[in-house]
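Undergrad: Below is one structure. I have some questions about it.
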Amino acid sequence: MDIYTIIFLALAVFIFLRLRSVLGQRTGSERPPYDRAAPNVLQRDNNVVPMPGSVIDQPPPLPSKEVTPPSDRWKGIAEPGTALAQGLDATVAQDSSFDPRHFISGARSAYEMIVLAFANGDRRALRDLLSSEVYESFDAAIKDREKHEQKTETRFVSIDKAEIVGAEARDRSVQITVKFVSQMISVTRDKAGTIVDGNPDKVADITDVWTFARDTASRDPNWKLVGTGSAH
């Protein structure tokens with residue numbers, strides 16, 4: 001053997017040892033090769049085991065965004081299946097910010113403000129709270145009092161009840177009708193102070209049915225009075 005053969009043999013042994021140290025040796029515990037013929041399963045003790053990603057490994061489905069209204073959605077406000085409940089459902093579908101209890105609270109305040117503003121002839125306050133049609137009606141009554149030089153004095157004793165009795169959604173508008181049961185003292189006097197209507201010493205039971213509306217396409221979140229009526 002010449003010197004070149006010895007050098008090549010030594011180099012071959014060196015390369016073999018390096019490869020062996022990098023690749024390692026089989027120990028008999030290696031995983032079997034992947035079965036390309038069955039990409040969705042692994043064979044284990046002759047049983048088919050689902051691979052990750054199958055139905056069994058998926059988390060429970062997330063609830064749908066379109067949640068069906070529960071039967072007690074309007075508990076204390078409207079009975080399930082009634083026209084009022086259906087009207088409230090339609091209102092929320094068009095105005096997701098609507099909350100009946102919050103609305104009733106605001107309606108009570110608006111009711112008192114409007115009644116007192118009308119009695120005092122406060123057109124500025126009324127203009128912000130009434131629709132144009134209702135404002136014209138109120139304004140006409142105020143002008144009639146002014147023409148006859150009369151003044152009205154009104155004082156609330158209590159608002160005993162305020163409940164939603166109607167709800168409707170159409171086009172871009174939602175309307176809520178509220179029945180108010182209140183007690184108040186009201187009297188109208190002429191220029192000389194003579195009583196022409198009412199009694200300053202008598203508490204009157206008043207039942208009003210008012211309808212408020214809001215344009216859901218408008219950025220203005222406020223409701224306005226669009227209809228008035230009374231019940232006896």
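Residue names in the structure tokens use chain letters A, B, ... in the order shown, residue numbers from 1 in each chain, and ligand numbers from 1 in the order shown.
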Mind listing the helix (DSSP H, G or I) residues of stretch 54-188 of chain A, per DSSP on the backbone, as a ChimeraX atom specification?

TA: /A:55-57,83-94,100-120,123-129,132-147

Undergrad: Show me, as a PDB file with N, CA, C and O atoms, in the first residue's frame, the residues that have an atom within 10 Å of stretch 180-191 of chain A when counting only C-alpha atoms, minus same-chain residues fewer than 4 positions from it.

TA:
```
ATOM      1  N   ALA A 107     -88.525  58.816  30.487  1.00  0.00           N
ATOM      2  CA  ALA A 107     -89.867  59.270  30.113  1.00  0.00           C
ATOM      3  C   ALA A 107     -90.569  59.944  31.289  1.00  0.00           C
ATOM      4  O   ALA A 107     -91.295  60.937  31.111  1.00  0.00           O
ATOM      5  N   ARG A 108     -90.372  59.426  32.488  1.00  0.00           N
ATOM      6  CA  ARG A 108     -90.962  60.049  33.682  1.00  0.00           C
ATOM      7  C   ARG A 108     -90.457  61.482  33.846  1.00  0.00           C
ATOM      8  O   ARG A 108     -91.228  62.409  34.117  1.00  0.00           O
ATOM      9  N   TYR A 111     -91.903  63.671  31.091  1.00  0.00           N
ATOM     10  CA  TYR A 111     -93.320  63.942  31.345  1.00  0.00           C
ATOM     11  C   TYR A 111     -93.481  65.122  32.304  1.00  0.00           C
ATOM     12  O   TYR A 111     -94.241  66.070  32.036  1.00  0.00           O
ATOM     13  N   GLU A 112     -92.756  65.088  33.390  1.00  0.00           N
ATOM     14  CA  GLU A 112     -92.857  66.173  34.371  1.00  0.00           C
ATOM     15  C   GLU A 112     -92.346  67.493  33.798  1.00  0.00           C
ATOM     16  O   GLU A 112     -92.969  68.551  33.987  1.00  0.00           O
ATOM     17  N   ALA A 119     -97.300  74.562  31.490  1.00  0.00           N
ATOM     18  CA  ALA A 119     -97.999  75.418  32.450  1.00  0.00           C
ATOM     19  C   ALA A 119     -97.338  76.786  32.568  1.00  0.00           C
ATOM     20  O   ALA A 119     -98.018  77.811  32.702  1.00  0.00           O
ATOM     21  N   ARG A 145    -103.998  81.288  26.161  1.00  0.00           N
ATOM     22  CA  ARG A 145    -103.931  81.759  27.545  1.00  0.00           C
ATOM     23  C   ARG A 145    -103.411  83.196  27.588  1.00  0.00           C
ATOM     24  O   ARG A 145    -103.936  84.034  28.331  1.00  0.00           O
ATOM     25  N   GLU A 146    -102.367  83.438  26.828  1.00  0.00           N
ATOM     26  CA  GLU A 146    -101.790  84.784  26.809  1.00  0.00           C
ATOM     27  C   GLU A 146    -102.803  85.809  26.298  1.00  0.00           C
ATOM     28  O   GLU A 146    -102.871  86.941  26.792  1.00  0.00           O
ATOM     29  N   HIS A 148    -105.965  85.761  26.630  1.00  0.00           N
ATOM     30  CA  HIS A 148    -106.969  86.036  27.659  1.00  0.00           C
ATOM     31  C   HIS A 148    -106.321  86.427  28.985  1.00  0.00           C
ATOM     32  O   HIS A 148    -107.023  86.528  30.005  1.00  0.00           O
ATOM     33  N   GLU A 149    -105.008  86.645  28.949  1.00  0.00           N
ATOM     34  CA  GLU A 149    -104.252  87.077  30.135  1.00  0.00           C
ATOM     35  C   GLU A 149    -104.486  86.134  31.315  1.00  0.00           C
ATOM     36  O   GLU A 149    -104.776  86.547  32.444  1.00  0.00           O
ATOM     37  N   GLN A 150    -104.326  84.863  31.029  1.00  0.00           N
ATOM     38  CA  GLN A 150    -104.484  83.839  32.056  1.00  0.00           C
ATOM     39  C   GLN A 150    -103.143  83.168  32.354  1.00  0.00           C
ATOM     40  O   GLN A 150    -102.261  83.112  31.496  1.00  0.00           O
ATOM     41  N   LYS A 151    -103.027  82.678  33.568  1.00  0.00           N
ATOM     42  CA  LYS A 151    -101.832  81.952  33.978  1.00  0.00           C
ATOM     43  C   LYS A 151    -102.233  80.641  34.647  1.00  0.00           C
ATOM     44  O   LYS A 151    -103.225  80.588  35.390  1.00  0.00           O
ATOM     45  N   THR A 152    -101.437  79.625  34.350  1.00  0.00           N
ATOM     46  CA  THR A 152    -101.699  78.304  34.918  1.00  0.00           C
ATOM     47  C   THR A 152    -100.617  77.947  35.925  1.00  0.00           C
ATOM     48  O   THR A 152     -99.426  78.131  35.682  1.00  0.00           O
ATOM     49  N   GLU A 153    -101.054  77.421  37.065  1.00  0.00           N
ATOM     50  CA  GLU A 153    -100.133  76.958  38.107  1.00  0.00           C
ATOM     51  C   GLU A 153    -100.323  75.448  38.255  1.00  0.00           C
ATOM     52  O   GLU A 153    -101.437  74.978  38.515  1.00  0.00           O
ATOM     53  N   THR A 154     -99.250  74.693  38.082  1.00  0.00           N
ATOM     54  CA  THR A 154     -99.332  73.231  38.169  1.00  0.00           C
ATOM     55  C   THR A 154     -98.259  72.718  39.115  1.00  0.00           C
ATOM     56  O   THR A 154     -97.097  73.152  39.045  1.00  0.00           O
ATOM     57  N   ARG A 155     -98.635  71.803  39.975  1.00  0.00           N
ATOM     58  CA  ARG A 155     -97.679  71.203  40.913  1.00  0.00           C
ATOM     59  C   ARG A 155     -97.915  69.699  40.965  1.00  0.00           C
ATOM     60  O   ARG A 155     -99.043  69.242  41.148  1.00  0.00           O
ATOM     61  N   PHE A 156     -96.833  68.941  40.769  1.00  0.00           N
ATOM     62  CA  PHE A 156     -96.922  67.483  40.845  1.00  0.00           C
ATOM     63  C   PHE A 156     -96.936  67.048  42.301  1.00  0.00           C
ATOM     64  O   PHE A 156     -96.134  67.503  43.113  1.00  0.00           O
ATOM     65  N   VAL A 157     -97.863  66.158  42.620  1.00  0.00           N
ATOM     66  CA  VAL A 157     -97.879  65.510  43.928  1.00  0.00           C
ATOM     67  C   VAL A 157     -97.101  64.200  43.840  1.00  0.00           C
ATOM     68  O   VAL A 157     -96.280  63.885  44.704  1.00  0.00           O
ATOM     69  N   SER A 158     -97.347  63.446  42.751  1.00  0.00           N
ATOM     70  CA  SER A 158     -96.624  62.188  42.542  1.00  0.00           C
ATOM     71  C   SER A 158     -96.870  61.679  41.132  1.00  0.00           C
ATOM     72  O   SER A 158     -97.858  62.046  40.489  1.00  0.00           O
ATOM     73  N   ILE A 159     -95.946  60.869  40.676  1.00  0.00           N
ATOM     74  CA  ILE A 159     -96.159  60.078  39.458  1.00  0.00           C
ATOM     75  C   ILE A 159     -96.229  58.635  39.919  1.00  0.00           C
ATOM     76  O   ILE A 159     -95.224  58.027  40.279  1.00  0.00           O
ATOM     77  N   ASP A 160     -97.437  58.096  39.971  1.00  0.00           N
ATOM     78  CA  ASP A 160     -97.651  56.780  40.568  1.00  0.00           C
ATOM     79  C   ASP A 160     -97.251  55.630  39.656  1.00  0.00           C
ATOM     80  O   ASP A 160     -96.861  54.562  40.122  1.00  0.00           O
ATOM     81  N   LYS A 161     -97.355  55.851  38.351  1.00  0.00           N
ATOM     82  CA  LYS A 161     -97.045  54.757  37.425  1.00  0.00           C
ATOM     83  C   LYS A 161     -96.624  55.316  36.077  1.00  0.00           C
ATOM     84  O   LYS A 161     -97.159  56.321  35.609  1.00  0.00           O
ATOM     85  N   ALA A 162     -95.661  54.649  35.484  1.00  0.00           N
ATOM     86  CA  ALA A 162     -95.267  54.933  34.102  1.00  0.00           C
ATOM     87  C   ALA A 162     -94.937  53.583  33.480  1.00  0.00           C
ATOM     88  O   ALA A 162     -93.981  52.913  33.896  1.00  0.00           O
ATOM     89  N   GLU A 163     -95.734  53.168  32.515  1.00  0.00           N
ATOM     90  CA  GLU A 163     -95.526  51.853  31.919  1.00  0.00           C
ATOM     91  C   GLU A 163     -95.660  51.923  30.401  1.00  0.00           C
ATOM     92  O   GLU A 163     -96.456  52.687  29.866  1.00  0.00           O
ATOM     93  N   ILE A 164     -94.846  51.113  29.733  1.00  0.00           N
ATOM     94  CA  ILE A 164     -94.890  51.050  28.274  1.00  0.00           C
ATOM     95  C   ILE A 164     -96.111  50.229  27.864  1.00  0.00           C
ATOM     96  O   ILE A 164     -96.297  49.103  28.321  1.00  0.00           O
ATOM     97  N   ILE A 195    -110.108  82.356  39.765  1.00  0.00           N
ATOM     98  CA  ILE A 195    -109.931  80.997  39.235  1.00  0.00           C
ATOM     99  C   ILE A 195    -110.912  80.761  38.100  1.00  0.00           C
ATOM    100  O   ILE A 195    -112.130  80.923  38.272  1.00  0.00           O
ATOM    101  N   VAL A 196    -110.387  80.382  36.952  1.00  0.00           N
ATOM    102  CA  VAL A 196    -111.243  80.073  35.800  1.00  0.00           C
ATOM    103  C   VAL A 196    -111.242  78.584  35.494  1.00  0.00           C
ATOM    104  O   VAL A 196    -112.111  78.096  34.752  1.00  0.00           O
ATOM    105  N   ASP A 197    -110.296  77.852  36.076  1.00  0.00           N
ATOM    106  CA  ASP A 197    -110.254  76.397  35.849  1.00  0.00           C
ATOM    107  C   ASP A 197    -109.399  75.758  36.930  1.00  0.00           C
ATOM    108  O   ASP A 197    -108.379  76.312  37.352  1.00  0.00           O
ATOM    109  N   GLY A 198    -109.806  74.575  37.397  1.00  0.00           N
ATOM    110  CA  GLY A 198    -109.029  73.848  38.384  1.00  0.00           C
ATOM    111  C   GLY A 198    -109.357  74.253  39.801  1.00  0.00           C
ATOM    112  O   GLY A 198    -110.240  75.086  40.061  1.00  0.00           O
ATOM    113  N   ASN A 199    -108.633  73.636  40.744  1.00  0.00           N
ATOM    114  CA  ASN A 199    -108.861  73.888  42.162  1.00  0.00           C
ATOM    115  C   ASN A 199    -107.519  73.793  42.892  1.00  0.00           C
ATOM    116  O   ASN A 199    -106.880  72.743  42.850  1.00  0.00           O
ATOM    117  N   PRO A 200    -107.081  74.866  43.535  1.00  0.00           N
ATOM    118  CA  PRO A 200    -105.777  74.846  44.205  1.00  0.00           C
ATOM    119  C   PRO A 200    -105.734  73.947  45.430  1.00  0.00           C
ATOM    120  O   PRO A 200    -104.652  73.658  45.966  1.00  0.00           O
ATOM    121  N   ASP A 201    -106.885  73.496  45.877  1.00  0.00           N
ATOM    122  CA  ASP A 201    -106.944  72.669  47.088  1.00  0.00           C
ATOM    123  C   ASP A 201    -107.303  71.217  46.797  1.00  0.00           C
ATOM    124  O   ASP A 201    -107.503  70.424  47.721  1.00  0.00           O
ATOM    125  N   LYS A 202    -107.397  70.876  45.524  1.00  0.00           N
ATOM    126  CA  LYS A 202    -107.812  69.515  45.158  1.00  0.00           C
ATOM    127  C   LYS A 202    -106.720  68.816  44.357  1.00  0.00           C
ATOM    128  O   LYS A 202    -106.197  69.363  43.390  1.00  0.00           O
ATOM    129  N   VAL A 203    -106.412  67.606  44.777  1.00  0.00           N
ATOM    130  CA  VAL A 203    -105.446  66.781  44.047  1.00  0.00           C
ATOM    131  C   VAL A 203    -106.203  65.991  42.996  1.00  0.00           C
ATOM    132  O   VAL A 203    -107.132  65.229  43.330  1.00  0.00           O
ATOM    133  N   ALA A 204    -105.840  66.184  41.753  1.00  0.00           N
ATOM    134  CA  ALA A 204    -106.531  65.507  40.644  1.00  0.00           C
ATOM    135  C   ALA A 204    -105.753  64.277  40.209  1.00  0.00           C
ATOM    136  O   ALA A 204    -104.510  64.298  40.134  1.00  0.00           O
ATOM    137  N   ASP A 205    -106.472  63.201  39.927  1.00  0.00           N
ATOM    138  CA  ASP A 205    -105.865  61.989  39.369  1.00  0.00           C
ATOM    139  C   ASP A 205    -105.852  62.127  37.851  1.00  0.00           C
ATOM    140  O   ASP A 205    -106.908  62.281  37.235  1.00  0.00           O
ATOM    141  N   ILE A 206    -104.674  62.060  37.270  1.00  0.00           N
ATOM    142  CA  ILE A 206    -104.514  62.273  35.834  1.00  0.00           C
ATOM    143  C   ILE A 206    -103.913  61.026  35.189  1.00  0.00           C
ATOM    144  O   ILE A 206    -102.928  60.472  35.695  1.00  0.00           O
ATOM    145  N   THR A 207    -104.474  60.594  34.078  1.00  0.00           N
ATOM    146  CA  THR A 207    -103.909  59.497  33.290  1.00  0.00           C
ATOM    147  C   THR A 207    -103.669  59.994  31.881  1.00  0.00           C
ATOM    148  O   THR A 207    -104.618  60.383  31.184  1.00  0.00           O
ATOM    149  N   ASP A 208    -102.411  60.026  31.484  1.00  0.00           N
ATOM    150  CA  ASP A 208    -102.028  60.472  30.149  1.00  0.00           C
ATOM    151  C   ASP A 208    -101.382  59.329  29.383  1.00  0.00           C
ATOM    152  O   ASP A 208    -100.657  58.504  29.971  1.00  0.00           O
ATOM    153  N   VAL A 209    -101.629  59.290  28.086  1.00  0.00           N
ATOM    154  CA  VAL A 209    -101.000  58.298  27.211  1.00  0.00           C
ATOM    155  C   VAL A 209    -100.213  59.067  26.160  1.00  0.00           C
ATOM    156  O   VAL A 209    -100.806  59.720  25.289  1.00  0.00           O
ATOM    157  N   TRP A 210     -98.907  59.012  26.256  1.00  0.00           N
ATOM    158  CA  TRP A 210     -98.026  59.788  25.384  1.00  0.00           C
ATOM    159  C   TRP A 210     -97.162  58.857  24.541  1.00  0.00           C
ATOM    160  O   TRP A 210     -96.736  57.789  25.004  1.00  0.00           O
ATOM    161  N   SER A 230    -105.316  61.108  26.555  1.00  0.00           N
ATOM    162  CA  SER A 230    -105.649  60.903  27.959  1.00  0.00           C
ATOM    163  C   SER A 230    -106.602  59.743  28.085  1.00  0.00           C
ATOM    164  O   SER A 230    -107.306  59.380  27.143  1.00  0.00           O
ATOM    165  N   ALA A 231    -106.601  59.119  29.251  1.00  0.00           N
ATOM    166  CA  ALA A 231    -107.524  58.005  29.523  1.00  0.00           C
ATOM    167  C   ALA A 231    -108.258  58.316  30.810  1.00  0.00           C
ATOM    168  O   ALA A 231    -107.721  58.958  31.722  1.00  0.00           O
TER     169      ALA A 231
END
```

Undergrad: Between stretch 125-223 of chain A and stretch 86-92 of chain A, at 10 Å or less, what are the per-residue closest atom pairs and their distances in Å? Count only C-alpha atoms, order by chain and rising residue number, and return it as a Markdown table.

TA:
```
| residue | atom | partner | partner_atom | distance |
| --- | --- | --- | --- | --- |
| A:Ile164 | CA | A:Leu88 | CA | 9.7 |
| A:Gly166 | CA | A:Gly87 | CA | 7.2 |
| A:Ala167 | CA | A:Gly87 | CA | 4.6 |
| A:Glu168 | CA | A:Gly87 | CA | 5.0 |
| A:Ala169 | CA | A:Thr91 | CA | 5.3 |
| A:Arg170 | CA | A:Ala90 | CA | 8.7 |
| A:Ser173 | CA | A:Thr91 | CA | 8.9 |
| A:Val174 | CA | A:Thr91 | CA | 6.0 |
| A:Gln175 | CA | A:Thr91 | CA | 8.0 |
| A:Ile176 | CA | A:Leu88 | CA | 8.6 |
| A:Thr216 | CA | A:Thr91 | CA | 9.8 |
```

Undergrad: Could the residues in this selection be saved with C-alpha atoms as a PDB file, in the first residue's frame?

TA:
```pdb
ATOM      1  CA  ILE A 164     -94.890  51.050  28.274  1.00  0.00           C
ATOM      2  CA  GLY A 166     -97.048  50.189  22.907  1.00  0.00           C
ATOM      3  CA  ALA A 167     -93.947  49.846  20.742  1.00  0.00           C
ATOM      4  CA  GLU A 168     -93.451  50.106  17.006  1.00  0.00           C
ATOM      5  CA  ALA A 169     -90.558  50.234  14.552  1.00  0.00           C
ATOM      6  CA  ARG A 170     -91.002  51.352  10.979  1.00  0.00           C
ATOM      7  CA  SER A 173     -88.256  55.520  13.303  1.00  0.00           C
ATOM      8  CA  VAL A 174     -89.083  53.749  16.555  1.00  0.00           C
ATOM      9  CA  GLN A 175     -92.055  54.779  18.677  1.00  0.00           C
ATOM     10  CA  ILE A 176     -92.798  53.945  22.295  1.00  0.00           C
ATOM     11  CA  THR A 216     -82.593  55.783  14.481  1.00  0.00           C
TER      12      THR A 216
END
```

Undergrad: Go ahead and compute the interatomic distance for atom CA of A:Ile77 and atom CA of A:Gly229, in Å to one decimal.

TA: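 The value is 21.0 Å.
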
Undergrad: Can you tell me how far atom CA of A:Arg219 sits from atom CA of A:Leu126, in Å to one decimal?

TA: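 Between atom CA of A:Arg219 and atom CA of A:Leu126 the gap is 20.4 Å.
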
Undergrad: Which residues in stretch 79-161 of chain A does DSSP call strand (DSSP E)? List them as a list in words.

TA: Lys151, Thr152, Glu153, Thr154, Arg155, Phe156, Val157, Ser158, Ile159, Asp160 and Lys161 of chain A

Undergrad: Using only C-alpha atoms, find the one residue out of A:Val134, A:Leu84, A:Ala78, A:Ile142 that sits nearest to A:Asp122.

TA: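 For A:Asp122, the nearest of the candidates is A:Ile142.
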
Undergrad: At a cut-off of 9 Å, using only C-alpha atoms, what residues contact A:Asp139? Leave out same-chain residues fewer than 3 positions from it and give the result as a list of chain:residue names.

TA: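 With the cut-off at 9 Å, the set is A:Phe118, A:Gly121, A:Arg123, A:Leu126, A:Val134, A:Tyr135, A:Glu136, A:Ile142, A:Lys143, A:Asp144.
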
Undergrad: Convert the current residue selection to file output with N, CA and C atoms, as an mmCIF file, in the first residue's frame.

TA:
```cif
data_model
loop_
_atom_site.group_PDB
_atom_site.id
_atom_site.type_symbol
_atom_site.label_atom_id
_atom_site.label_comp_id
_atom_site.auth_asym_id
_atom_site.auth_seq_id
_atom_site.Cartn_x
_atom_site.Cartn_y
_atom_site.Cartn_z
ATOM 1 N N PHE A 118 -95.224 73.526 29.913
ATOM 2 C CA PHE A 118 -96.474 73.971 29.286
ATOM 3 C C PHE A 118 -97.231 74.912 30.218
ATOM 4 N N GLY A 121 -95.572 78.205 30.203
ATOM 5 C CA GLY A 121 -95.426 78.844 28.898
ATOM 6 C C GLY A 121 -93.981 78.910 28.439
ATOM 7 N N ARG A 123 -91.666 78.096 26.099
ATOM 8 C CA ARG A 123 -91.572 77.574 24.739
ATOM 9 C C ARG A 123 -90.192 77.015 24.424
ATOM 10 N N LEU A 126 -89.986 73.501 25.647
ATOM 11 C CA LEU A 126 -90.890 72.643 24.888
ATOM 12 C C LEU A 126 -90.349 72.335 23.499
ATOM 13 N N VAL A 134 -96.576 68.548 17.596
ATOM 14 C CA VAL A 134 -97.042 68.672 18.978
ATOM 15 C C VAL A 134 -96.703 70.055 19.527
ATOM 16 N N TYR A 135 -95.542 70.556 19.150
ATOM 17 C CA TYR A 135 -95.160 71.894 19.614
ATOM 18 C C TYR A 135 -96.170 72.933 19.135
ATOM 19 N N GLU A 136 -96.595 72.847 17.901
ATOM 20 C CA GLU A 136 -97.573 73.809 17.364
ATOM 21 C C GLU A 136 -98.873 73.754 18.164
ATOM 22 N N ILE A 142 -100.894 77.902 24.554
ATOM 23 C CA ILE A 142 -100.218 78.944 25.329
ATOM 24 C C ILE A 142 -100.619 80.330 24.828
ATOM 25 N N LYS A 143 -100.686 80.487 23.504
ATOM 26 C CA LYS A 143 -101.097 81.770 22.932
ATOM 27 C C LYS A 143 -102.517 82.125 23.348
ATOM 28 N N ASP A 144 -103.387 81.129 23.436
ATOM 29 C CA ASP A 144 -104.762 81.379 23.844
ATOM 30 C C ASP A 144 -104.810 81.878 25.287
#
```

Undergrad: Using Å and a single decimal, report how far atom CA of A:Arg124 sits from atom CA of A:Val178.

TA: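 Separation of atom CA of A:Val178 and atom CA of A:Arg124: 23.7 Å.
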